[in-house]
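J.: Hey, dropping coords_33.cif in here, mmCIF, C-alpha atoms and all ligand atoms:
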```cif
data_coords
#
loop_
_atom_site.label_atom_id
_atom_site.label_comp_id
_atom_site.auth_asym_id
_atom_site.auth_seq_id
_atom_site.Cartn_x
_atom_site.Cartn_y
_atom_site.Cartn_z
CA MET A 1 6.26 26.73 -2.19
CA LYS A 2 3.44 28.86 -3.61
CA SER A 3 0.33 29.35 -1.54
CA GLU A 4 -3.14 29.19 -3.11
CA VAL A 5 -6.77 28.72 -2.18
CA LEU A 6 -7.96 25.17 -2.75
CA SER A 7 -11.63 24.99 -3.81
CA LEU A 8 -13.96 22.03 -3.98
CA PRO A 9 -16.84 22.44 -6.45
CA GLY A 10 -20.31 21.12 -5.63
CA ALA A 11 -19.97 17.84 -7.55
CA MET A 12 -16.95 16.82 -5.47
CA ALA A 13 -18.30 18.17 -2.16
CA ALA A 14 -21.54 16.19 -2.61
CA SER A 15 -19.76 12.90 -3.43
CA PRO A 16 -20.08 10.14 -0.83
CA LEU A 17 -16.26 10.10 -0.93
CA ALA A 18 -16.01 13.90 -0.40
CA CYS A 19 -13.79 13.83 2.72
CA LEU A 20 -11.39 11.37 1.15
CA LEU A 21 -11.34 13.40 -2.07
CA LEU A 22 -10.50 16.54 -0.09
CA ASP A 23 -7.52 14.66 1.40
CA LYS A 24 -6.45 13.64 -2.12
CA ALA A 25 -6.83 17.21 -3.41
CA ILE A 26 -4.56 18.51 -0.62
CA LYS A 27 -1.97 15.80 -1.40
CA ARG A 28 -2.21 16.61 -5.11
CA ALA A 29 -1.68 20.32 -4.38
CA ARG A 30 1.44 19.53 -2.37
CA ALA A 31 2.71 17.28 -5.18
CA GLU A 32 2.29 20.36 -7.43
CA ARG A 33 4.46 22.26 -4.90
CA VAL A 34 1.53 24.41 -3.82
CA ALA A 35 0.72 24.87 -0.12
CA PRO A 36 -3.07 25.33 0.15
CA ARG A 37 -3.78 28.50 2.14
CA GLU A 38 -7.37 27.64 2.96
CA VAL A 39 -10.08 25.32 1.69
CA VAL A 40 -13.28 26.74 0.21
CA ILE A 41 -16.10 24.28 -0.37
CA SER A 42 -19.17 24.87 -2.48
CA ASP A 43 -22.24 24.80 -0.25
CA GLN A 44 -24.65 24.48 -3.15
CA ARG A 45 -25.17 20.74 -3.00
CA LEU A 46 -24.06 19.84 0.53
CA PRO A 47 -26.75 17.55 1.91
CA ASP A 48 -26.42 18.16 5.65
CA ALA A 49 -24.48 19.65 8.53
CA ARG A 50 -22.90 16.30 9.34
CA LEU A 51 -21.01 16.24 6.06
CA ARG A 52 -20.03 19.89 6.63
CA ASN A 53 -18.52 18.93 9.98
CA ARG A 54 -16.68 15.98 8.49
CA LEU A 55 -15.18 18.20 5.80
CA ILE A 56 -14.08 20.75 8.41
CA ALA A 57 -12.44 17.93 10.39
CA GLU A 58 -10.75 16.62 7.26
CA ALA A 59 -9.29 20.04 6.44
CA ALA A 60 -8.23 20.45 10.08
CA LEU A 61 -6.37 17.11 9.96
CA ASN A 62 -4.24 18.76 7.30
CA GLY A 63 -3.83 21.92 9.38
CA LEU A 64 -6.19 23.95 7.21
CA ALA A 65 -9.19 26.13 7.89
CA CYS A 66 -12.22 25.51 5.76
CA ARG A 67 -15.12 27.76 4.80
CA PHE A 68 -18.24 27.31 2.69
CA GLY A 69 -19.26 29.58 -0.15
CA SER A 70 -19.32 29.86 -3.91
CA VAL A 71 -16.44 28.37 -5.90
CA PRO A 72 -15.78 27.89 -9.63
CA ALA A 73 -18.12 25.30 -11.14
CA GLY A 74 -16.75 21.77 -11.69
CA ASP A 75 -18.93 19.28 -13.45
CA THR A 76 -17.35 15.97 -12.33
CA PRO A 77 -16.52 14.74 -8.85
CA ASP A 78 -12.85 14.49 -9.91
CA VAL A 79 -12.06 18.17 -10.48
CA PHE A 80 -10.97 20.70 -7.85
CA PHE A 81 -9.31 24.12 -8.20
CA LEU A 82 -5.97 25.51 -7.06
CA GLY A 83 -6.50 29.24 -7.38
CA ASP A 84 -8.37 29.37 -10.68
CA ARG A 85 -6.57 26.32 -12.13
CA PRO A 86 -8.74 23.16 -12.47
CA LEU A 87 -6.95 19.90 -11.56
CA SER A 88 -8.26 16.37 -11.91
CA LEU A 89 -7.76 13.72 -9.26
CA ARG A 90 -7.93 10.99 -11.91
CA LEU A 91 -4.71 8.99 -12.12
CA PRO A 92 -3.16 8.20 -15.51
CA PRO A 93 -4.19 4.85 -17.04
CA GLY A 94 -2.32 1.61 -16.41
CA LEU A 95 -1.82 1.89 -12.64
CA ASN A 96 -2.37 -1.15 -10.45
CA ASP A 97 -1.90 -1.27 -6.68
CA TRP A 98 -1.06 -4.77 -5.48
CA HIS A 99 -0.50 -3.99 -1.82
CA ALA A 100 -3.06 -2.61 0.61
CA HIS A 101 -4.21 -3.77 4.02
CA THR A 102 -7.63 -4.26 5.56
CA GLN A 103 -9.40 -3.90 8.90
CA PHE A 104 -7.87 -7.28 9.84
CA ALA A 105 -4.37 -5.73 10.07
CA TYR A 106 -2.84 -4.93 13.46
CA CYS A 107 -0.53 -2.32 11.99
CA GLY A 108 -3.35 -0.10 10.73
CA ARG A 109 -6.70 0.23 12.43
CA GLY A 110 -8.14 2.95 10.22
CA ILE A 111 -8.89 1.15 6.99
CA ASP A 112 -12.17 -0.12 5.60
CA LEU A 113 -11.67 -2.41 2.65
CA THR A 114 -14.80 -1.50 0.70
CA ASP A 115 -14.30 2.27 1.15
CA ALA A 116 -10.62 1.93 0.20
CA ALA A 117 -11.51 -0.10 -2.91
CA ARG A 118 -14.21 2.38 -3.91
CA LEU A 119 -11.82 5.31 -3.48
CA ALA A 120 -9.00 3.66 -5.44
CA LEU A 121 -11.27 2.72 -8.33
CA HIS A 122 -12.84 6.21 -8.33
CA LEU A 123 -9.35 7.71 -8.76
CA GLY A 124 -8.64 5.43 -11.70
CA VAL A 125 -6.57 2.63 -10.16
CA GLU A 126 -7.23 -0.20 -12.60
CA THR A 127 -6.76 -3.10 -10.22
CA GLN A 128 -6.80 -2.72 -6.44
CA GLY A 129 -5.11 -5.59 -4.63
CA PHE A 130 -5.46 -6.28 -0.92
CA SER A 131 -2.75 -8.42 0.63
CA GLU A 132 -3.29 -8.86 4.35
CA HIS A 133 -0.43 -10.09 6.55
CA ALA A 134 -0.83 -13.87 6.93
CA PHE A 135 0.82 -13.69 10.35
CA ALA A 136 -1.72 -11.08 11.53
CA LEU A 137 -4.50 -13.49 10.58
CA TYR A 138 -2.93 -16.40 12.47
CA PHE A 139 -1.63 -14.78 15.65
CA PRO A 140 -2.77 -12.23 18.26
CA SER A 141 -1.53 -8.64 18.00
CA ASP A 142 1.80 -9.24 19.76
CA ALA A 143 2.66 -11.07 16.52
CA LEU A 144 4.22 -7.76 15.48
CA LYS A 145 7.12 -8.69 17.79
CA PHE A 146 7.80 -11.63 15.43
CA ARG A 147 8.51 -14.10 18.26
CA TRP A 148 6.49 -16.71 16.34
CA GLN A 149 9.24 -16.72 13.72
CA GLY A 150 11.49 -18.73 16.00
CA ASP A 151 8.68 -20.80 17.58
CA PRO A 152 7.48 -23.34 15.00
CA ASP A 153 5.49 -25.24 17.63
CA ALA A 154 3.34 -22.17 18.31
CA VAL A 155 2.66 -21.83 14.58
CA GLU A 156 1.73 -25.51 14.24
CA ARG A 157 -0.60 -25.20 17.23
CA VAL A 158 -2.52 -22.33 15.59
CA TRP A 159 -2.67 -24.17 12.28
CA ALA A 160 -4.20 -27.20 14.03
CA THR A 161 -7.18 -25.17 15.30
CA PRO A 162 -10.29 -25.07 13.07
CA GLY A 163 -10.30 -21.26 12.71
CA ARG A 164 -6.49 -20.94 12.39
CA GLY A 165 -6.62 -17.71 14.38
CA ARG A 166 -8.73 -15.37 12.23
CA MET A 167 -7.67 -16.90 8.90
CA ALA A 168 -10.83 -18.94 8.30
CA ALA A 169 -12.96 -15.87 9.14
CA TYR A 170 -10.91 -13.74 6.75
CA ARG A 171 -11.26 -16.28 3.96
CA ALA A 172 -15.04 -16.39 4.44
CA TRP A 173 -15.18 -12.57 4.37
CA VAL A 174 -13.14 -12.42 1.15
CA ARG A 175 -15.45 -15.03 -0.40
CA ASP A 176 -18.45 -12.79 0.41
CA LEU A 177 -16.74 -9.62 -0.86
CA ARG A 178 -15.59 -10.92 -4.24
CA PRO A 179 -18.99 -10.81 -5.99
CA LEU A 180 -19.76 -7.40 -4.41
CA LEU A 181 -16.52 -5.74 -5.52
CA GLY A 182 -16.01 -7.41 -8.89
CA PRO A 183 -12.87 -8.52 -10.73
CA ARG A 184 -10.99 -5.21 -10.42
CA VAL A 185 -10.44 -5.92 -6.73
CA ARG A 186 -7.99 -8.75 -6.08
CA PHE A 187 -7.14 -10.60 -2.92
CA GLY A 188 -3.74 -11.88 -1.87
CA LEU A 189 -1.65 -12.26 1.26
CA GLU A 190 1.65 -10.80 2.44
CA VAL A 191 3.59 -13.79 3.77
CA ASP A 192 6.75 -14.03 5.89
CA LEU A 193 9.07 -16.90 6.76
CA PHE A 194 9.31 -18.74 10.07
CA GLY A 195 11.02 -21.77 11.61
CA GLY A 196 14.24 -21.84 9.62
CA GLY A 197 12.87 -20.64 6.32
CA ARG A 198 9.40 -22.20 6.13
CA PHE A 199 6.62 -20.22 4.45
CA CYS A 200 4.19 -18.95 7.09
CA LEU A 201 1.08 -20.24 5.34
CA ALA A 202 -0.83 -23.36 6.46
CA PRO A 203 -1.23 -25.94 3.66
CA GLU A 204 -5.01 -25.34 3.53
CA ASP A 205 -4.41 -21.59 3.06
CA LEU A 206 -2.15 -21.87 0.02
CA GLU A 207 -5.07 -21.85 -2.41
CA GLY A 208 -7.87 -19.35 -2.97
CA TRP A 209 -5.80 -16.18 -3.54
CA ASP A 210 -5.20 -14.19 -6.70
CA TYR A 211 -1.53 -13.74 -5.82
CA LEU A 212 0.91 -13.89 -2.92
CA ILE A 213 3.46 -11.27 -1.81
CA GLY A 214 6.57 -12.28 0.08
CA ALA A 215 8.00 -9.99 2.76
CA ILE A 216 10.90 -9.93 5.17
CA HIS A 217 9.89 -7.79 8.13
CA ALA A 218 12.33 -9.44 10.53
CA VAL A 219 15.29 -11.73 9.93
CA GLU A 220 14.95 -14.84 12.01
CA GLY A 221 17.71 -15.52 14.51
CA LEU A 222 19.50 -12.21 13.94
CA SER A 223 20.64 -10.78 17.27
CA PRO A 224 20.37 -7.00 17.78
CA GLY A 225 24.16 -6.82 18.20
CA ALA A 226 24.89 -8.51 14.87
CA THR A 227 27.39 -6.80 12.60
CA GLN A 228 26.30 -5.34 9.27
CA ALA A 229 28.04 -8.21 7.44
CA GLN A 230 26.16 -10.78 9.56
CA ALA A 231 22.87 -8.95 8.97
CA GLU A 232 23.42 -8.85 5.20
CA ALA A 233 24.31 -12.55 5.05
CA ALA A 234 21.29 -13.59 7.15
CA TRP A 235 18.98 -11.36 5.11
CA MET A 236 20.27 -12.72 1.79
CA ARG A 237 19.74 -16.25 3.13
CA ASP A 238 16.10 -15.38 3.91
CA VAL A 239 15.53 -13.66 0.55
CA GLU A 240 16.81 -16.80 -1.19
CA ARG A 241 14.45 -18.97 0.87
CA LEU A 242 11.50 -16.65 0.28
CA LEU A 243 12.05 -16.61 -3.48
CA GLN A 244 11.63 -20.39 -3.54
CA GLN A 245 8.02 -19.90 -2.40
CA PRO A 246 5.07 -19.27 -4.76
CA ILE A 247 5.20 -15.48 -4.52
CA ALA A 248 4.63 -13.03 -7.39
CA ILE A 249 6.06 -9.92 -5.67
CA LEU A 250 8.76 -9.12 -3.12
CA ALA A 251 7.32 -6.37 -0.89
CA HIS A 252 9.47 -3.33 0.03
CA PRO A 253 12.60 -5.24 -1.06
CA LEU A 254 15.28 -3.57 1.11
CA ARG A 255 13.20 -2.00 3.86
CA PHE A 256 14.54 -4.35 6.51
CA PHE A 257 17.81 -2.39 6.72
CA PRO A 258 16.54 1.15 7.46
CA TRP A 259 13.90 -0.25 9.81
CA ASP A 260 16.63 -2.15 11.67
CA GLY A 261 18.67 1.05 11.93
CA ARG A 262 21.26 -0.15 9.42
CA PRO A 263 22.67 1.31 6.22
CA THR A 264 21.11 -0.03 3.03
CA PRO A 265 23.60 -2.38 1.33
CA THR A 266 23.70 -0.87 -2.14
CA HIS A 267 26.30 -3.46 -3.20
CA LEU A 268 23.54 -6.08 -2.90
CA TYR A 269 21.27 -4.33 -5.44
CA ARG A 270 22.64 -6.33 -8.38
CA PRO A 271 22.73 -9.76 -6.65
CA LEU A 272 19.18 -9.19 -5.36
CA ALA A 273 17.93 -8.12 -8.80
CA ARG A 274 19.47 -11.25 -10.34
CA MET A 275 17.80 -13.46 -7.75
CA LEU A 276 14.44 -11.78 -8.48
CA ALA A 277 14.93 -12.23 -12.22
CA GLN A 278 15.75 -15.88 -11.84
CA ALA A 279 12.74 -16.49 -9.61
CA ARG A 280 10.49 -14.36 -11.86
CA VAL A 281 9.36 -12.32 -8.87
CA ALA A 282 8.52 -8.61 -9.22
CA ALA A 283 10.20 -5.91 -7.13
CA GLU A 284 7.79 -3.59 -5.38
CA ILE A 285 7.95 0.22 -5.36
CA ASN A 286 6.55 0.99 -1.93
CA HIS A 287 6.70 4.48 -0.41
CA HIS A 288 5.03 3.56 2.90
CA LYS A 289 7.54 4.75 5.54
CA ASN A 290 10.09 3.36 3.18
CA PRO A 291 12.94 5.06 1.33
CA VAL A 292 12.86 4.24 -2.40
CA ASP A 293 16.17 4.31 -4.26
CA PRO A 294 15.55 4.50 -8.03
CA ALA A 295 19.07 3.07 -8.53
CA PHE A 296 17.89 -0.32 -7.27
CA PHE A 297 14.89 -0.35 -9.61
CA ARG A 298 17.08 0.76 -12.54
CA ILE A 299 19.22 -2.34 -11.93
CA CYS A 300 16.05 -4.45 -11.67
CA LEU A 301 14.99 -3.22 -15.12
CA GLU A 302 18.44 -3.97 -16.54
CA GLU A 303 18.14 -7.51 -15.19
CA GLY A 304 14.64 -8.00 -16.60
CA VAL A 305 12.76 -7.84 -13.27
CA ARG A 306 9.12 -6.69 -13.37
CA ILE A 307 8.20 -3.69 -11.23
CA SER A 308 5.10 -3.81 -9.05
CA LEU A 309 3.40 -0.86 -7.36
CA GLY A 310 2.12 -0.99 -3.79
CA THR A 311 0.63 1.80 -1.70
CA ASP A 312 0.83 -0.46 1.39
CA ALA A 313 -2.23 1.52 2.50
CA HIS A 314 -3.00 1.01 6.20
CA VAL A 315 -5.68 3.71 6.42
CA THR A 316 -8.55 4.32 4.00
CA ARG A 317 -7.27 7.76 3.00
CA SER A 318 -4.02 6.19 1.70
CA ALA A 319 -5.83 4.05 -0.87
CA GLY A 320 -4.87 5.17 -4.36
CA ASP A 321 -1.91 7.24 -3.08
CA LEU A 322 0.20 6.59 -6.14
CA LEU A 323 1.60 10.09 -6.78
CA PRO A 324 5.02 9.21 -5.24
CA HIS A 325 5.07 6.03 -7.35
CA LEU A 326 4.37 8.07 -10.47
CA GLU A 327 7.33 10.28 -9.61
CA THR A 328 9.56 7.19 -9.21
CA LEU A 329 8.30 5.82 -12.54
CA ARG A 330 9.13 9.17 -14.13
CA GLN A 331 12.68 8.93 -12.75
CA LEU A 332 12.92 5.42 -14.24
CA ALA A 333 11.40 6.55 -17.57
CA LEU A 334 8.94 3.70 -17.14
CA SER A 335 5.30 3.99 -18.17
CA PRO A 336 2.61 2.75 -15.74
CA SER A 337 1.50 0.14 -18.24
CA ALA A 338 5.00 -1.43 -18.14
CA THR A 339 4.51 -2.33 -14.46
CA LEU A 340 2.96 -5.54 -13.15
CA HIS A 341 -0.64 -5.82 -14.34
CA PRO A 342 -3.27 -8.58 -14.20
ZN ZN B 401 5.15 -5.33 4.69
ZN ZN B 402 2.06 -4.45 3.87
#
```
What does this structure look like when you write it as structure tokens?
Ligand SMILES: [Zn+2]
Ligand SMILES: [Zn+2]

T.:
Amino acid sequence: MKSEVLSLPGAMAASPLACLLLDKAIKRARAERVAPREVVISDQRLPDARLRNRLIAEAALNGLACRFGSVPAGDTPDVFFLGDRPLSLRLPPGLNDWHAHTQFAYCGRGIDLTDAARLALHLGVETQGFSEHAFALYFPSDALKFRWQGDPDAVERVWATPGRGRMAAYRAWVRDLRPLLGPRVRFGLEVDLFGGGRFCLAPEDLEGWDYLIGAIHAVEGLSPGATQAQAEAAWMRDVERLLQQPIAILAHPLRFFPWDGRPTPTHLYRPLARMLAQARVAAEINHHKNPVDPAFFRICLEEGVRISLGTDAHVTRSAGDLLPHLETLRQLALSPSATLHP
């Protein structure tokens, strides 16, 4: 990897999103196979010492020292320099992110929906979708242990309360945000199964969303000692059940296996793609702690399955992180505009 100085011109350093843009510039440099040696930030338009400190902290998060001085002039808040080479942070047209989380998630406490939306749109994401976990809205934080999946009575009890956990509050918040953020920001939910294949969404929560994503984070009733064959059969059973629900996208389609410490069953790529095609559900490219095998998506394309992009952002700085997705699209020879769009 080459090493270069990364410089932020005044227009970018003075942006209200400056710290987040610095993070993006460092990621972009690494995607260009350049290891930034140090960060130099134009001090011409920096409003105050507080922003200076935040930029120093941002560079430090990435293991870099940061100094202030004169840098080449950039006239938009999208352009930074690697050495003397100007690079834009703007993403190519046609990219939509259908999968990001919010401050209501338990699995990510560092995201602010409006900042994340602003950042994504600034970078050129055409539609930014937020799809909070339905289970996180219904149940307290130990929901991440997925015990509710095998306890339908507990689910029914929550659904019978007026607030349905935090779901009613979330719905009211989304209602308030829609006119502020406009039509380029969409709201959905990421929904799991429970109780023998039921959709974990109360009847009164089915409506009001722009789209729903289905996800299998845990396979109900699967014991830790189950064989690979048993795990595959139980997972396929759940995929089949999930695809009968009104979902537009299957999130991180095969992630269950690596997260459960199991090999990914590549022999199921074709059967899964056929099930998705039949159900008219898109397969999601998701790089969030998730291995992506282009071979699976190649089979999806052969079977006529739409491809959806999801950052699965759990922290604000991950909003608009679509560079790995662009690399996967390149491997598939698929243009961004051929992926799922509004
Ligand atoms: Zn998920
Ligand atoms: Zn997610």

J.: Out of A:Ala313, A:Met236, A:Leu334, A:Val71, which residue has the shortest atom-to-atom distance to Ala116 of chain A when counting only C-alpha atoms?

T.: A:Ala313

J.: Counting only C-alpha atoms and all ligand atoms, name the residues that have an atom within 7 Å of an atom of ligand ZN 402 (chain B); the answer should be given as a list in words.

T.: His99, Ala100, His101, Glu132, His133, Glu190 and Asp312 of chain A

J.: Compile a residue-level contact table for chain A against ligand ZN 401 (chain B) at a cut-off of 7 Å, reporting for every qualifying residue the shortest atom pair and its distance in Å to one decimal, with only C-alpha atoms and all ligand atoms counted, rows ordered by chain and ascending number, as a tab-separated table.

T.:
```
residue	atom	partner	partner_atom	distance
A:Glu190	CA	B:ZN401	ZN	6.9
A:Ala215	CA	B:ZN401	ZN	5.8
A:His217	CA	B:ZN401	ZN	6.4
A:Ala251	CA	B:ZN401	ZN	6.1
A:His252	CA	B:ZN401	ZN	6.7
```

J.: Calculated over only C-alpha atoms, which of the candidates A:Pro324, A:Gly196, A:Pro294, A:Pro183 has the smallest distance to Pro152 of chain A?

T.: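 Among A:Pro324, A:Gly196, A:Pro294, A:Pro183, it is A:Gly196 that comes nearest to Pro152 of chain A.
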
J.: Counting all atoms listed in the file, which residues of segment 29-90 of chain A fall within 12 Å of segment 314-321 of chain A, and what is the closest atom pair for each with its distance in Å at one decimal, ordered by chain and rising number, as JSON lines?

T.:
```
{"residue": "A:Ala31", "atom": "CA", "partner": "A:Asp321", "partner_atom": "CA", "distance": 11.2}
{"residue": "A:Glu58", "atom": "CA", "partner": "A:Arg317", "partner_atom": "CA", "distance": 10.4}
{"residue": "A:Leu61", "atom": "CA", "partner": "A:Arg317", "partner_atom": "CA", "distance": 11.7}
{"residue": "A:Leu89", "atom": "CA", "partner": "A:Gly320", "partner_atom": "CA", "distance": 10.3}
{"residue": "A:Arg90", "atom": "CA", "partner": "A:Gly320", "partner_atom": "CA", "distance": 10.0}
```

J.: Given the choices A:Leu22, A:Leu177, A:Leu243, A:Ala231, which gets closest to Asp192 of chain A if the distance is worked out from all atoms listed in the file?

T.: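 Checking each of A:Leu22, A:Leu177, A:Leu243, A:Ala231 against Asp192 of chain A, counting all atoms listed in the file, the winner is A:Leu243.
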
J.: Padding 4 Å on every side, please: axis-aligned box over the listed atoms of segment 51-61 of chain A, centre and edge lengths to one decimal in Å, as AutoDock Vina command-line options.

T.:
```
--center_x -13.7 --center_y 18.4 --center_z 8.1 --size_x 22.6 --size_y 12.8 --size_z 12.6
```

J.: Using atom CA of Gly208 of chain A and atom CA of Val191 of chain A as the two end points, give the distance in Å to one decimal.

T.: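 Separation between atom CA of Gly208 of chain A and atom CA of Val191 of chain A: 14.4 Å.
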
J.: Could you check which of A:Phe256, A:Pro86, A:Gln244, A:Glu303 is closest to Arg270 of chain A, using all atoms listed in the file?

T.: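 Nearest to Arg270 of chain A: A:Glu303.
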
J.: Report as a ChimeraX atom specification all protein, DNA and RNA residues lying within 6 Å of Ile41 of chain A, evaluated on all atoms listed in the file, omitting residues in the same chain fewer than 2 positions from it.

T.: /A:7-8,68

J.: Out of A:Pro271, A:Gly225, A:Gly108, A:Pro203, which residue has the shortest atom-to-atom distance to Glu240 of chain A when counting all atoms listed in the file?

T.: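 Looking at the shortest contact to Glu240 of chain A, the residue is A:Pro271.
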
J.: From the options A:Leu21, A:Ile285, A:Leu268, A:Ala248, which residue's atoms come nearest to Ala229 of chain A, counting all atoms listed in the file?

T.: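 The shortest atom-to-atom distance to Ala229 of chain A comes from A:Leu268.
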
J.: Counting all atoms listed in the file, find residues at most 12 Å from (-11.5, -14.2, 2.9) (file frame) and give them as a ChimeraX atom specification.

T.: /A:102,104,113,130-132,134,137,166-178,186-189,205,207-210

J.: Would you list the contacts of Arg52 of chain A as a list in words, taking every protein, DNA or RNA residue within 12 Å and counting all atoms listed in the file, but skipping same-chain residues closer than 6 positions in sequence?

T.: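 So the residues in contact are Ala13, Ala14, Ala18, Cys19, Val40, Ile41, Ser42, Asp43, Gln44, Arg45, Leu46, Glu58, Ala59, Cys66, Arg67, Phe68 and Gly69 of chain A.
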
J.: Considering only C-alpha atoms, return as a list in words whatever protein or nucleic-acid residues lie within 12 Å of Pro92 of chain A, sequence-local ones (same chain, fewer than 3 positions apart) excluded.

T.: Ser88, Leu89, Leu95, Asn96, Leu123, Gly124, Val125, Glu126, Gly320, Leu322, Leu323, His325, Leu326, Ser335, Pro336 and Ser337 of chain A

J.: Near Ala233 of chain A, counting only C-alpha atoms, which residues have an atom at most 12 Å away, once you skip same-chain residues fewer than 6 positions from it, shown as a list in words?

T.: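 The residues that qualify are Val219, Glu220, Gly221, Leu222, Ala226, Thr227, Val239, Glu240, Pro265 and Leu268 of chain A.
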
J.: Please return, as a ChimeraX atom specification, all polymer residues that have at least one atom within 10 Å of the point (13.3, -2.5, 11.1); use only C-alpha atoms and the file's own coordinate frame.

T.: /A:216-219,255-262
